[in-house]
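Structure data (mmCIF, C-alpha atoms) from structure_35.cif:
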```
data_structure
#
loop_
_atom_site.group_PDB
_atom_site.id
_atom_site.type_symbol
_atom_site.label_atom_id
_atom_site.label_comp_id
_atom_site.auth_asym_id
_atom_site.auth_seq_id
_atom_site.Cartn_x
_atom_site.Cartn_y
_atom_site.Cartn_z
ATOM 1 C CA MET A 432 -13.442 26.204 -47.030
ATOM 2 C CA ASP A 433 -12.167 27.788 -50.274
ATOM 3 C CA THR A 434 -10.710 31.280 -50.644
ATOM 4 C CA GLU A 435 -13.800 32.658 -52.302
ATOM 5 C CA SER A 436 -16.107 31.735 -49.404
ATOM 6 C CA ILE A 437 -13.636 33.144 -46.864
ATOM 7 C CA GLN A 438 -13.526 36.394 -48.797
ATOM 8 C CA HIS A 439 -17.320 36.437 -48.954
ATOM 9 C CA GLU A 440 -17.580 36.007 -45.171
ATOM 10 C CA ALA A 441 -15.061 38.784 -44.588
ATOM 11 C CA GLU A 442 -17.132 41.109 -46.745
ATOM 12 C CA ALA A 443 -20.342 40.148 -44.950
ATOM 13 C CA ALA A 444 -18.941 40.776 -41.451
ATOM 14 C CA PRO A 445 -19.409 44.599 -41.331
ATOM 15 C CA ALA A 446 -23.077 44.263 -42.297
ATOM 16 C CA GLU A 447 -23.636 41.763 -39.477
ATOM 17 C CA LEU A 448 -21.918 44.061 -37.007
ATOM 18 C CA GLU A 449 -24.407 46.818 -37.795
ATOM 19 C CA THR A 450 -27.243 44.702 -36.409
ATOM 20 C CA LEU A 451 -25.513 44.200 -33.042
ATOM 21 C CA PRO A 452 -26.173 46.573 -30.113
ATOM 22 C CA VAL A 453 -23.867 49.596 -29.819
ATOM 23 C CA GLU A 454 -22.340 48.281 -26.570
ATOM 24 C CA VAL A 455 -21.108 45.141 -28.337
ATOM 25 C CA VAL A 456 -19.721 46.839 -31.455
ATOM 26 C CA THR A 457 -17.934 49.645 -29.588
ATOM 27 C CA PRO A 458 -14.442 48.530 -28.581
ATOM 28 C CA HIS A 459 -14.007 48.372 -24.804
ATOM 29 C CA LYS A 460 -10.722 48.736 -23.034
ATOM 30 C CA GLU A 461 -9.281 46.886 -20.079
ATOM 31 C CA ALA A 462 -9.443 48.560 -16.670
ATOM 32 C CA GLY A 463 -6.314 48.566 -14.532
ATOM 33 C CA MET A 464 -5.400 45.702 -12.232
ATOM 34 C CA LEU A 465 -6.289 47.769 -9.180
ATOM 35 C CA ILE A 466 -9.751 48.628 -10.543
ATOM 36 C CA THR A 467 -10.337 44.983 -11.456
ATOM 37 C CA LEU A 468 -9.396 43.843 -7.965
ATOM 38 C CA ALA A 469 -11.472 46.589 -6.357
ATOM 39 C CA ALA A 470 -14.498 45.718 -8.531
ATOM 40 C CA CYS A 471 -14.294 42.049 -7.532
ATOM 41 C CA VAL A 472 -13.785 42.720 -3.822
ATOM 42 C CA THR A 473 -16.514 45.354 -3.541
ATOM 43 C CA GLY A 474 -18.826 43.158 -5.619
ATOM 44 C CA ALA A 475 -18.189 40.299 -3.195
ATOM 45 C CA LEU A 476 -19.068 42.549 -0.260
ATOM 46 C CA VAL A 477 -22.145 44.289 -1.681
ATOM 47 C CA PRO A 478 -24.022 42.919 -4.725
ATOM 48 C CA GLY A 479 -23.675 45.293 -7.680
ATOM 49 C CA LEU A 480 -21.065 47.575 -6.102
ATOM 50 C CA GLY A 481 -18.370 46.208 -8.412
ATOM 51 C CA HIS A 482 -20.452 47.219 -11.423
ATOM 52 C CA ALA A 483 -21.055 50.649 -9.897
ATOM 53 C CA LEU A 484 -17.290 51.056 -9.605
ATOM 54 C CA LEU A 485 -17.023 50.245 -13.313
ATOM 55 C CA ARG A 486 -19.811 52.775 -14.033
ATOM 56 C CA LYS A 487 -22.258 50.130 -15.247
ATOM 57 C CA TRP A 488 -25.097 51.773 -13.382
ATOM 58 C CA ASP A 489 -28.042 49.858 -14.848
ATOM 59 C CA ARG A 490 -26.539 46.487 -13.982
ATOM 60 C CA ALA A 491 -25.410 47.728 -10.568
ATOM 61 C CA PHE A 492 -28.914 48.794 -9.549
ATOM 62 C CA VAL A 493 -30.562 45.657 -10.911
ATOM 63 C CA PHE A 494 -28.091 43.328 -9.187
ATOM 64 C CA LEU A 495 -28.283 45.182 -5.888
ATOM 65 C CA GLY A 496 -32.085 45.221 -5.951
ATOM 66 C CA THR A 497 -32.603 41.668 -7.142
ATOM 67 C CA ILE A 498 -30.057 39.912 -4.967
ATOM 68 C CA SER A 499 -30.975 41.895 -1.862
ATOM 69 C CA ALA A 500 -34.655 41.165 -2.485
ATOM 70 C CA MET A 501 -33.963 37.438 -2.846
ATOM 71 C CA PHE A 502 -31.924 37.404 0.346
ATOM 72 C CA ALA A 503 -34.519 39.387 2.315
ATOM 73 C CA LEU A 504 -37.312 37.197 0.980
ATOM 74 C CA GLY A 505 -35.363 34.111 2.040
ATOM 75 C CA LEU A 506 -35.097 35.445 5.576
ATOM 76 C CA ALA A 507 -38.770 36.442 5.572
ATOM 77 C CA LEU A 508 -39.670 32.883 4.560
ATOM 78 C CA ASN A 509 -37.838 31.581 7.653
ATOM 79 C CA GLY A 510 -34.818 30.326 5.769
ATOM 80 C CA ARG A 511 -31.700 29.484 7.708
ATOM 81 C CA LEU A 512 -28.296 31.150 7.505
ATOM 82 C CA PHE A 513 -25.824 28.286 7.776
ATOM 83 C CA ASN A 514 -22.865 28.836 10.089
ATOM 84 C CA PRO A 515 -19.252 28.546 8.928
ATOM 85 C CA ASP A 516 -19.141 24.785 9.462
ATOM 86 C CA PHE A 517 -16.615 22.733 7.507
ATOM 87 C CA SER A 518 -17.270 19.388 9.183
ATOM 88 C CA ASP A 519 -18.901 17.829 6.112
ATOM 89 C CA LEU A 520 -19.260 18.592 2.423
ATOM 90 C CA PHE A 521 -22.918 19.648 2.427
ATOM 91 C CA SER A 522 -22.546 22.019 5.366
ATOM 92 C CA THR A 523 -19.559 23.580 3.647
ATOM 93 C CA LEU A 524 -21.422 24.007 0.363
ATOM 94 C CA LYS A 525 -24.458 25.480 2.114
ATOM 95 C CA PHE A 526 -22.262 27.954 3.947
ATOM 96 C CA ILE A 527 -20.416 28.937 0.749
ATOM 97 C CA ALA A 528 -23.700 29.481 -1.111
ATOM 98 C CA ASP A 529 -25.082 31.582 1.752
ATOM 99 C CA ALA A 530 -21.912 33.602 2.259
ATOM 100 C CA GLY A 531 -21.807 34.498 -1.449
ATOM 101 C CA SER A 532 -24.167 37.357 -0.623
ATOM 102 C CA GLY A 533 -21.319 39.111 1.171
ATOM 103 C CA LEU A 534 -22.170 41.668 3.821
ATOM 104 C CA LEU A 535 -25.867 40.789 3.547
ATOM 105 C CA TYR A 536 -25.009 37.379 4.978
ATOM 106 C CA TRP A 537 -22.431 38.470 7.542
ATOM 107 C CA LEU A 538 -24.476 41.358 8.972
ATOM 108 C CA SER A 539 -27.608 39.210 9.208
ATOM 109 C CA TRP A 540 -25.629 36.354 10.748
ATOM 110 C CA LEU A 541 -24.005 38.642 13.317
ATOM 111 C CA ARG A 542 -27.429 40.049 14.206
ATOM 112 C CA GLY A 543 -28.696 36.533 14.827
ATOM 113 C CA LEU A 544 -31.185 36.526 11.950
ATOM 114 C CA GLY A 545 -31.970 33.468 9.868
ATOM 115 C CA THR A 546 -32.204 30.906 12.639
ATOM 116 C CA GLY A 547 -34.703 28.954 10.522
ATOM 117 C CA ASP A 548 -37.170 26.375 11.695
ATOM 118 C CA PRO A 549 -37.562 23.191 9.620
ATOM 119 C CA ALA A 550 -41.079 22.751 10.999
ATOM 120 C CA ILE A 551 -42.247 25.928 9.263
ATOM 121 C CA TYR A 552 -43.861 25.388 5.872
ATOM 122 C CA THR A 553 -41.665 27.826 3.929
ATOM 123 C CA TYR A 554 -38.313 26.786 5.461
ATOM 124 C CA ASP A 555 -37.053 25.074 2.292
ATOM 125 C CA PHE A 556 -38.227 27.922 0.062
ATOM 126 C CA GLY A 557 -36.390 30.391 2.272
ATOM 127 C CA ASN A 558 -33.199 28.361 2.085
ATOM 128 C CA VAL A 559 -33.389 28.162 -1.702
ATOM 129 C CA PHE A 560 -33.854 31.939 -1.981
ATOM 130 C CA ILE A 561 -30.824 32.557 0.273
ATOM 131 C CA TYR A 562 -28.619 30.018 -1.556
ATOM 132 C CA THR A 563 -29.588 31.446 -4.927
ATOM 133 C CA ALA A 564 -28.912 35.035 -3.850
ATOM 134 C CA GLY A 565 -25.365 34.034 -2.895
ATOM 135 C CA LEU A 566 -24.757 31.995 -6.041
ATOM 136 C CA LEU A 567 -26.101 34.767 -8.283
ATOM 137 C CA ASN A 568 -23.772 37.229 -6.581
ATOM 138 C CA MET A 569 -20.851 34.948 -7.449
ATOM 139 C CA LEU A 570 -21.917 35.106 -11.105
ATOM 140 C CA VAL A 571 -22.202 38.876 -10.810
ATOM 141 C CA ILE A 572 -18.616 39.061 -9.502
ATOM 142 C CA VAL A 573 -17.406 37.046 -12.513
ATOM 143 C CA ASP A 574 -19.341 39.440 -14.772
ATOM 144 C CA ALA A 575 -17.661 42.445 -13.119
ATOM 145 C CA PHE A 576 -14.285 40.749 -13.595
ATOM 146 C CA ASP A 577 -14.976 40.182 -17.307
ATOM 147 C CA ILE A 578 -16.037 43.803 -17.781
ATOM 148 C CA ALA A 579 -12.963 45.078 -15.966
ATOM 149 C CA MET A 580 -10.705 42.857 -18.094
ATOM 150 C CA GLY A 581 -12.287 44.251 -21.263
ATOM 151 C CA ARG A 582 -13.834 40.938 -22.321
ATOM 152 C CA LYS A 583 -17.383 42.291 -22.132
ATOM 153 C CA PRO A 584 -18.935 45.695 -22.804
ATOM 154 C CA MET B 38 -46.894 33.453 1.614
ATOM 155 C CA ASN B 39 -47.666 29.729 1.523
ATOM 156 C CA ASN B 40 -48.389 29.568 -2.182
ATOM 157 C CA HIS B 41 -45.880 27.326 -4.006
ATOM 158 C CA PHE B 42 -46.737 28.722 -7.418
ATOM 159 C CA LEU B 43 -46.415 32.361 -6.372
ATOM 160 C CA LEU B 44 -43.016 31.705 -4.774
ATOM 161 C CA MET B 45 -41.862 29.881 -7.899
ATOM 162 C CA VAL B 46 -42.987 32.796 -10.092
ATOM 163 C CA ILE B 47 -41.166 35.331 -7.881
ATOM 164 C CA PHE B 48 -38.037 33.156 -7.893
ATOM 165 C CA SER B 49 -38.182 32.759 -11.686
ATOM 166 C CA ALA B 50 -38.656 36.477 -12.269
ATOM 167 C CA LEU B 51 -35.736 37.506 -10.071
ATOM 168 C CA VAL B 52 -33.302 34.920 -11.466
ATOM 169 C CA SER B 53 -34.354 35.654 -15.066
ATOM 170 C CA LEU B 54 -33.778 39.360 -14.506
ATOM 171 C CA VAL B 55 -30.217 38.803 -13.289
ATOM 172 C CA PHE B 56 -29.416 36.389 -16.141
ATOM 173 C CA ALA B 57 -30.861 38.788 -18.717
ATOM 174 C CA PHE B 58 -28.671 41.627 -17.452
ATOM 175 C CA ILE B 59 -25.554 39.438 -17.291
ATOM 176 C CA THR B 60 -25.835 37.919 -20.745
ATOM 177 C CA LYS B 61 -27.552 40.488 -22.996
ATOM 178 C CA TYR B 62 -27.011 44.129 -23.971
ATOM 179 C CA GLY B 63 -29.622 46.668 -24.887
ATOM 180 C CA ALA B 64 -33.069 47.057 -23.330
ATOM 181 C CA TRP B 65 -35.030 45.186 -25.997
ATOM 182 C CA GLU B 66 -32.628 42.199 -26.091
ATOM 183 C CA ARG B 67 -32.698 41.967 -22.318
ATOM 184 C CA PHE B 68 -36.470 42.206 -22.194
ATOM 185 C CA ARG B 69 -36.890 39.435 -24.793
ATOM 186 C CA TYR B 70 -34.390 37.180 -23.041
ATOM 187 C CA PHE B 71 -36.022 37.870 -19.683
ATOM 188 C CA LEU B 72 -39.410 36.810 -21.027
ATOM 189 C CA TYR B 73 -37.927 33.712 -22.661
ATOM 190 C CA LEU B 74 -36.130 32.615 -19.483
ATOM 191 C CA PHE B 75 -39.106 33.391 -17.280
ATOM 192 C CA ALA B 76 -41.448 31.376 -19.498
ATOM 193 C CA CYS B 77 -38.976 28.465 -19.554
ATOM 194 C CA PHE B 78 -38.616 28.520 -15.767
ATOM 195 C CA VAL B 79 -42.352 28.503 -15.118
ATOM 196 C CA PHE B 80 -43.330 26.065 -17.866
ATOM 197 C CA LEU B 81 -40.547 23.538 -17.183
ATOM 198 C CA SER B 82 -41.146 23.689 -13.423
ATOM 199 C CA ILE B 83 -44.769 22.727 -13.963
ATOM 200 C CA VAL B 84 -43.781 19.933 -16.379
ATOM 201 C CA VAL B 85 -41.161 18.549 -13.978
ATOM 202 C CA GLY B 86 -43.675 18.840 -11.137
ATOM 203 C CA PHE B 87 -46.115 16.639 -13.048
ATOM 204 C CA LEU B 88 -43.358 14.160 -13.979
ATOM 205 C CA MET B 89 -42.399 13.843 -10.307
ATOM 206 C CA TYR B 90 -45.988 13.338 -9.210
ATOM 207 C CA PRO B 91 -45.924 9.468 -9.234
ATOM 208 C CA PHE B 92 -42.757 9.278 -7.132
ATOM 209 C CA PRO B 93 -43.401 8.644 -3.449
ATOM 210 C CA PHE B 94 -41.105 11.239 -1.869
#
```
Give the structure from the file, written as structure tokens.
Amino acid sequence: MDTESIQHEAEAAPAELETLPVEVVTPHKEAGMLITLAACVTGALVPGLGHALLRKWDRAFVFLGTISAMFALGLALNGRLFNPDFSDLFSTLKFIADAGSGLLYWLSWLRGLGTGDPAIYTYDFGNVFIYTAGLLNMLVIVDAFDIAMGRKP
Amino acid sequence: MNNHFLLMVIFSALVSLVFAFITKYGAWERFRYFLYLFACFVFLSIVVGFLMYPFPF
């Protein structure tokens, strides 16, 4: 790439920035280590709470609503909450995916919900909804971490 | 709630919503990305369903 084209790109950059959303263009600063840790821990306990701590209210409400709905729907479809069982790889992975929902999983598990019955038609659907709720919450925690570190608006 | 298609649509909508909010900024961008992901989920699920049809599972 020659000097002229580099200079041309540098001149074009501000015009491109104008088309981006305000949240992206506005510089965002890093939250403190304590806030970052708190956002990740609270996000792991309750979906969206980490974002609420970072004052990202729209995301917080959407994540709380969506992930809780998926988890509740999974239970309603007779999905199973897998116990903390580390005897084989698949049981471990199923437990990790389920437990990703945080307190939703632990409170339901302690109350004896999600016994599941493989003979019921929607058993597999229920399991998939519960796994996905936990896995999405893990992504949401990573998102909260990125926001707190100032990598994302 | 024994309808496969309805459950797949609900699943697709909820997952697309979370992905749209994680990856995009601004209401219009999120809405467009949500629609795109949702359409991909539903369309590709039906295509894969048809491709799997001959397999004796």
Taking all atoms of segment 531-537 of chain A that the file lists, what box with edges along x, y and z, padded by 6 Å per side, do you get, with centre and edge lengths in Å to one decimal, as AutoDock Vina command-line options?
```
--center_x -23.6 --center_y 38.1 --center_z 3.0 --size_x 16.5 --size_y 19.2 --size_z 21.0
```
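The interatomic distance for the pair atom CA of Arg69 of chain B and atom CA of Asn568 of chain A works out to 22.6 Å.
Under the PyMOL selection byres ((chain B) within 9 of (chain A)), the matching residues in the shown file are B:Met38, B:Asn39, B:His41, B:Leu44, B:Met45, B:Phe48, B:Leu51, B:Val52, B:Leu54, B:Val55, B:Phe56, B:Phe58, B:Ile59, B:Thr60, B:Tyr62, B:Gly63, B:Glu66.
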Resolved residues for the PyMOL selection byres ((chain A and resi 526) around 8) as a PyMOL selection string: chain A and resi 512-516+522-525+527-530
Length of the atom CA of Phe576 of chain A to atom CA of Gly533 of chain A vector [Å]: 16.4 Å
Straight-line distance linking atom CA of Lys61 of chain B with atom CA of Thr473 of chain A, stated in Å to one decimal: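 Interatomic distance here is 22.9 Å.
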Selection dump of the PyMOL selection byres ((chain B and resi 75-86) around 8), as number ranges by chain: B: 45-46, 49-50, 53, 71-74, 87-90
Which of A:Leu484, A:Ile551, A:Val477, A:Ala470 sits closest to Leu534 of chain A [using all atoms listed in the file]: A:Val477
Among listed residues A:Met569, A:Ala550, A:Leu544, A:Leu520, nearest Leu476 of chain A (using only C-alpha atoms):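 Checking each candidate against Leu476 of chain A, we get A:Met569 as the closest.
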Residues near segment 461-466 of chain A, cut-off 8 Å, all atoms listed in the file, skip fewer than 4 positions along chain, as a count of residues only: 8
